[in-house]
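J.: Coordinates in input18.tsv, TSV, C-alpha atoms, are listed below.
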chain	number	residue	atom	x	y	z
E	1	GLY	CA	372.10	186.17	350.91
E	2	ALA	CA	369.23	185.78	348.40
E	3	VAL	CA	368.44	182.15	349.15
E	4	VAL	CA	365.30	180.49	347.83
E	5	SER	CA	364.22	177.06	349.00
E	6	GLN	CA	361.72	174.60	347.58
E	7	HIS	CA	359.99	171.69	349.22
E	8	PRO	CA	359.86	168.88	348.43
E	9	SER	CA	362.92	168.41	346.24
E	10	TRP	CA	361.27	165.44	344.60
E	11	VAL	CA	357.87	163.79	344.79
E	12	ILE	CA	356.20	160.76	343.27
E	13	CYS	CA	352.43	160.66	343.19
E	14	LYS	CA	349.70	158.59	341.64
E	15	SER	CA	347.63	159.82	338.74
E	16	GLY	CA	344.57	161.76	339.90
E	17	THR	CA	346.06	163.00	343.16
E	18	SER	CA	347.16	166.56	343.98
E	19	VAL	CA	350.63	167.71	344.92
E	20	LYS	CA	351.68	170.94	346.63
E	21	ILE	CA	355.11	172.49	346.12
E	22	GLU	CA	356.36	175.25	348.42
E	23	CYS	CA	358.72	178.06	347.50
E	24	ARG	CA	360.26	180.18	350.24
E	25	SER	CA	362.57	183.17	350.20
E	26	LEU	CA	364.74	182.57	353.26
E	27	ASP	CA	366.59	185.84	353.79
E	28	PHE	CA	364.58	188.43	351.89
E	29	GLN	CA	361.01	189.43	351.17
E	30	ALA	CA	359.53	188.81	347.76
E	31	THR	CA	356.38	190.53	346.54
E	32	THR	CA	356.74	188.64	343.30
E	33	MET	CA	357.58	185.01	342.76
E	34	PHE	CA	357.65	183.11	339.50
E	35	TRP	CA	356.94	179.48	338.68
E	36	TYR	CA	358.73	177.74	335.83
E	37	ARG	CA	358.59	174.33	334.27
E	38	GLN	CA	361.57	172.70	332.63
E	39	PHE	CA	361.69	169.65	330.40
E	40	PRO	CA	364.90	167.64	329.91
E	41	LYS	CA	367.56	169.52	327.95
E	42	GLN	CA	365.24	172.49	327.46
E	43	SER	CA	365.23	175.98	328.85
E	44	LEU	CA	362.87	177.30	331.49
E	45	MET	CA	359.25	177.92	330.55
E	46	LEU	CA	357.42	180.52	332.64
E	47	MET	CA	354.11	179.20	333.92
E	48	ALA	CA	352.87	182.03	336.10
E	49	THR	CA	353.74	185.13	338.06
E	50	SER	CA	352.69	185.10	341.69
E	51	ASN	CA	352.07	188.38	343.51
E	52	GLU	CA	351.66	188.54	347.27
E	53	GLY	CA	348.06	189.12	348.23
E	54	SER	CA	346.62	188.95	344.74
E	55	LYS	CA	345.76	186.45	342.05
E	56	ALA	CA	348.50	184.90	340.00
E	57	THR	CA	348.98	185.79	336.36
E	58	TYR	CA	349.22	182.73	334.14
E	59	GLU	CA	351.02	182.45	330.84
E	60	GLN	CA	349.09	181.52	327.75
E	61	GLY	CA	348.38	177.82	327.59
E	62	VAL	CA	348.79	177.19	331.33
E	63	GLU	CA	345.61	175.94	332.97
E	64	LYS	CA	344.98	178.02	336.08
E	65	ASP	CA	342.52	175.49	337.48
E	66	LYS	CA	345.11	172.76	337.23
E	67	PHE	CA	348.08	174.70	338.55
E	68	LEU	CA	346.83	176.57	341.61
E	69	ILE	CA	349.14	179.25	342.91
E	70	ASN	CA	348.89	180.95	346.28
E	71	HIS	CA	351.20	183.71	347.51
E	72	ALA	CA	349.95	184.31	351.03
E	73	SER	CA	353.01	186.03	352.48
E	74	LEU	CA	356.11	187.89	351.40
E	75	THR	CA	358.22	184.77	351.84
E	76	LEU	CA	356.01	181.92	350.66
E	77	SER	CA	354.34	180.90	347.43
E	78	THR	CA	352.80	177.50	346.74
E	79	LEU	CA	352.04	175.65	343.53
E	80	THR	CA	349.44	172.90	343.69
E	81	VAL	CA	349.20	170.52	340.78
E	82	THR	CA	345.62	169.24	340.92
E	83	SER	CA	344.49	165.89	339.52
E	84	ALA	CA	347.98	165.17	338.33
E	85	HIS	CA	348.57	163.07	335.24
E	86	PRO	CA	351.77	161.53	333.84
E	87	GLU	CA	352.14	164.41	331.38
E	88	ASP	CA	352.50	166.76	334.37
E	89	SER	CA	355.75	165.00	335.29
E	90	SER	CA	358.45	167.61	335.05
E	91	PHE	CA	360.99	169.75	336.90
E	92	TYR	CA	359.29	172.72	338.56
E	93	ILE	CA	361.41	175.69	339.61
E	94	CYS	CA	360.41	178.86	341.43
E	95	SER	CA	362.19	182.18	341.58
E	96	ALA	CA	361.78	185.28	343.69
E	97	ARG	CA	362.62	188.94	343.34
E	98	ASP	CA	363.83	190.89	346.35
E	99	VAL	CA	361.26	193.60	347.12
E	100	ALA	CA	363.92	195.76	348.72
E	101	GLY	CA	366.28	195.51	345.81
E	102	THR	CA	366.68	198.24	343.22
E	103	LEU	CA	368.04	195.71	340.80
E	104	TYR	CA	366.05	193.20	338.82
E	105	GLU	CA	367.68	189.90	339.61
E	106	GLN	CA	365.58	186.84	340.24
E	107	TYR	CA	366.92	184.15	342.54
E	108	PHE	CA	365.96	180.58	341.86
E	109	GLY	CA	365.09	177.68	344.09
E	110	PRO	CA	366.70	174.26	343.68
E	111	GLY	CA	363.68	172.83	341.86
E	112	THR	CA	361.18	170.06	342.51
E	113	ARG	CA	361.13	166.90	340.43
E	114	LEU	CA	357.54	165.66	340.06
E	115	THR	CA	356.87	162.16	338.77
E	116	VAL	CA	353.27	161.10	338.25
E	117	THR	CA	352.72	157.36	337.91
Y	118	GLU	CA	358.26	190.86	322.24
Y	119	ASP	CA	361.61	190.21	323.88
Y	120	GLN	CA	363.71	187.48	322.26
Y	121	VAL	CA	366.95	185.76	323.30
Y	122	THR	CA	369.08	183.39	321.23
Y	123	GLN	CA	372.10	181.61	322.63
Y	124	SER	CA	374.90	179.97	320.67
Y	125	PRO	CA	376.31	177.46	320.42
Y	126	GLU	CA	373.80	175.01	321.84
Y	127	ALA	CA	376.63	172.83	323.08
Y	128	LEU	CA	380.34	173.43	323.48
Y	129	ARG	CA	383.08	170.94	324.30
Y	130	LEU	CA	386.38	172.30	325.56
Y	131	GLN	CA	389.56	170.82	326.85
Y	132	GLU	CA	390.61	171.96	330.29
Y	133	GLY	CA	392.45	175.26	329.90
Y	134	GLU	CA	390.97	176.01	326.46
Y	135	SER	CA	389.38	179.46	326.68
Y	136	SER	CA	386.22	180.29	324.72
Y	137	SER	CA	383.12	182.48	324.61
Y	138	LEU	CA	379.39	181.89	324.75
Y	139	ASN	CA	377.08	184.21	322.83
Y	140	CYS	CA	373.70	185.64	323.78
Y	141	SER	CA	371.91	187.72	321.14
Y	142	TYR	CA	368.85	189.63	322.24
Y	143	THR	CA	366.05	191.80	320.96
Y	144	VAL	CA	364.28	194.00	323.47
Y	145	SER	CA	362.43	197.30	323.24
Y	146	GLY	CA	364.39	198.74	326.13
Y	147	LEU	CA	366.78	196.81	328.32
Y	148	ARG	CA	366.32	196.77	332.07
Y	149	GLY	CA	368.88	194.06	332.53
Y	150	LEU	CA	370.60	191.07	330.98
Y	151	PHE	CA	371.26	188.15	333.28
Y	152	TRP	CA	373.57	185.15	333.17
Y	153	TYR	CA	372.82	182.03	335.15
Y	154	ARG	CA	374.57	178.71	335.56
Y	155	GLN	CA	372.48	175.55	335.86
Y	156	ASP	CA	373.77	172.15	336.91
Y	157	PRO	CA	371.75	169.03	336.05
Y	158	GLY	CA	368.77	168.57	338.35
Y	159	LYS	CA	369.25	171.94	340.06
Y	160	GLY	CA	367.84	175.41	339.81
Y	161	PRO	CA	369.72	178.19	338.00
Y	162	GLU	CA	372.45	179.93	339.98
Y	163	PHE	CA	372.75	183.67	339.50
Y	164	LEU	CA	376.05	184.82	337.98
Y	165	PHE	CA	375.83	188.37	336.60
Y	166	THR	CA	373.55	191.26	335.76
Y	167	LEU	CA	374.51	193.72	333.03
Y	168	TYR	CA	372.53	196.91	332.53
Y	169	SER	CA	374.13	198.95	329.76
Y	170	ALA	CA	376.31	198.54	326.69
Y	171	GLY	CA	379.98	198.52	327.50
Y	172	GLU	CA	379.50	197.09	330.95
Y	173	GLU	CA	381.68	194.16	332.02
Y	174	LYS	CA	381.62	191.94	335.09
Y	175	GLU	CA	383.99	189.22	336.24
Y	176	LYS	CA	383.83	186.32	338.63
Y	177	GLU	CA	386.71	183.86	338.86
Y	178	ARG	CA	387.22	182.43	335.35
Y	179	LEU	CA	384.06	184.07	333.96
Y	180	LYS	CA	383.71	187.49	332.38
Y	181	ALA	CA	380.46	188.85	330.97
Y	182	THR	CA	380.29	191.70	328.48
Y	183	LEU	CA	377.39	193.57	326.91
Y	184	THR	CA	376.72	195.43	323.66
Y	185	LYS	CA	373.45	196.84	322.37
Y	186	LYS	CA	372.64	193.57	320.60
Y	187	GLU	CA	374.49	190.79	322.38
Y	188	SER	CA	376.33	189.61	325.41
Y	189	PHE	CA	379.31	187.32	325.69
Y	190	LEU	CA	380.30	185.06	328.54
Y	191	HIS	CA	384.03	184.53	328.29
Y	192	ILE	CA	385.49	181.52	330.04
Y	193	THR	CA	389.23	181.69	330.65
Y	194	ALA	CA	391.18	178.49	331.25
Y	195	PRO	CA	388.09	176.47	332.13
Y	196	LYS	CA	388.15	173.55	334.52
Y	197	PRO	CA	385.94	170.43	334.49
Y	198	GLU	CA	383.88	171.92	337.33
Y	199	ASP	CA	382.80	174.70	334.97
Y	200	SER	CA	380.77	172.13	333.04
Y	201	ALA	CA	377.12	173.19	333.20
Y	202	THR	CA	374.39	174.82	331.17
Y	203	TYR	CA	374.72	178.58	330.98
Y	204	LEU	CA	371.49	180.51	330.59
Y	205	CYS	CA	371.06	184.07	329.39
Y	206	ALA	CA	367.90	186.07	330.09
Y	207	VAL	CA	366.67	189.62	329.53
Y	208	GLN	CA	364.09	191.86	331.07
Y	209	GLY	CA	362.72	194.70	328.97
Y	210	VAL	CA	361.22	197.97	330.11
Y	211	SER	CA	357.94	197.06	328.44
Y	212	ASN	CA	357.68	194.06	330.74
Y	213	ALA	CA	355.53	195.32	333.55
Y	214	GLY	CA	355.49	191.94	335.21
Y	215	ASN	CA	359.24	191.80	335.77
Y	216	MET	CA	359.40	188.57	333.81
Y	217	LEU	CA	362.60	187.17	332.38
Y	218	THR	CA	362.85	185.94	328.80
Y	219	PHE	CA	365.33	183.09	328.61
Y	220	GLY	CA	367.46	181.80	325.78
Y	221	GLY	CA	367.79	178.09	325.09
Y	222	GLY	CA	371.07	177.82	326.97
Y	223	THR	CA	374.55	176.61	326.10
Y	224	ARG	CA	375.66	173.23	327.47
Y	225	LEU	CA	379.33	173.48	328.28
Y	226	MET	CA	381.43	170.36	328.76
Y	227	VAL	CA	385.03	170.74	329.89
Y	228	LYS	CA	387.16	167.62	329.61
Y	229	PRO	CA	390.24	167.11	331.78
Produce structure tokens that represent the structure in this file.

T.:
Amino acid sequence: GAVVSQHPSWVICKSGTSVKIECRSLDFQATTMFWYRQFPKQSLMLMATSNEGSKATYEQGVEKDKFLINHASLTLSTLTVTSAHPEDSSFYICSARDVAGTLYEQYFGPGTRLTVT
Amino acid sequence: EDQVTQSPEALRLQEGESSSLNCSYTVSGLRGLFWYRQDPGKGPEFLFTLYSAGEEKEKERLKATLTKKESFLHITAPKPEDSATYLCAVQGVSNAGNMLTFGGGTRLMVKP
């Protein structure tokens, strides 16, 4: 149980284009999903908290107009990197919290490697 | 503000050489302390949740313990497949958004 998937697992795009990353909870419902960014040999950096049916909450320093987050259902959240630039190249990971759970674990997806050329 | 510090940053062990990873934390009130394992190029894999001081949990060669200020991840007789980065995270009661605060991780390398 508690499986989270991400699609695509890797993507290469040209500078100036937009890229959408999907995060799905496969066997549970998630009112809250989180988006992280991770640079090589560094820990996870929280970008935003995504709540089903409402606007995402972005961490300080994260441009909400550049990183568009949509959480349209209890099993799907999307992150769109708009007008991507090489500095946006990174490993993006989502996590989800089981709405039915009384515990506080977050389950992570496998990550998406974005390379902007 | 919740804070997490992990040590050491990197640890090299010989196969079978037991050791411990440390996670020191500062939080106003602890909802939970979490251990994750992360392999290169993959997302973190959930290992344990600890909720209160004195609690212990085990899984195969791993055992996690918790005090009011720190948590230890004990690795008994590690194997090369235990090589990974181990992440510690906390969630405090003041955190209304259910966010996790992560430490920097410990990169464990187990040589055969």

J.: Given the point (365.3, 186.7, 332.4) in the file's coordinates, find the residues that have an atom at most 6 Å from it, counting only C-alpha atoms, and give them as a list of chain:residue names.

T.: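 Within 6 Å of (365.3, 186.7, 332.4), the protein and nucleic acid residues are Y:Ala206, Y:Val207, Y:Gln208, Y:Leu217, Y:Thr218, Y:Phe219.
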
J.: Please indicate the distance in Å from atom CA of Lys228 of chain Y to atom CA of Glu187 of chain Y, rounded to one decimal place.

T.: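 Those two atoms sit 27.4 Å apart.
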
J.: Only residues of chain E matter here; which ones have an atom within 12 Å of chain Y, counting all atoms listed in the file? Give them as a ChimeraX atom specification.

T.: /E:1-6,9-10,31-51,56-59,90-99,102-114

J.: Would you kindly return, as a list in words, each protein, DNA or RNA residue with an atom no farther than 9 Å from any atom of Ala72 of chain E, considering all atoms listed in the file and excluding same-chain residues fewer than 3 positions away?

T.: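 The filter keeps Asn51, Glu52, Gly53, Ser54, Thr75, Leu76, Ser77 and Thr78 of chain E.
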
J.: Nearest to Ala194 of chain Y: which of Y:Val227, Y:Ala181, Y:Ala127, Y:Cys140 is it, counting only C-alpha atoms?

T.: Y:Val227

J.: Name the residues in contact with Lys185 of chain Y at a cut-off of 9 Å, using all atoms listed in the file, excluding same-chain residues fewer than 6 positions from it; report them as a list in words.

T.: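 Near neighbours after the sequence-gap exclusion: Tyr142, Leu147, Ser169, Ala170 and Gly171 of chain Y.
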
J.: Take atom CA of Ser73 of chain E and atom CA of Val19 of chain E and report the distance between them in Å, one decimal.

T.: 20.0 Å

J.: Find the distance between atom CA of Glu118 of chain Y and atom CA of Arg154 of chain Y and write it in Å to one decimal.

T.: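 Between atom CA of Glu118 of chain Y and atom CA of Arg154 of chain Y the gap works out to 24.3 Å.
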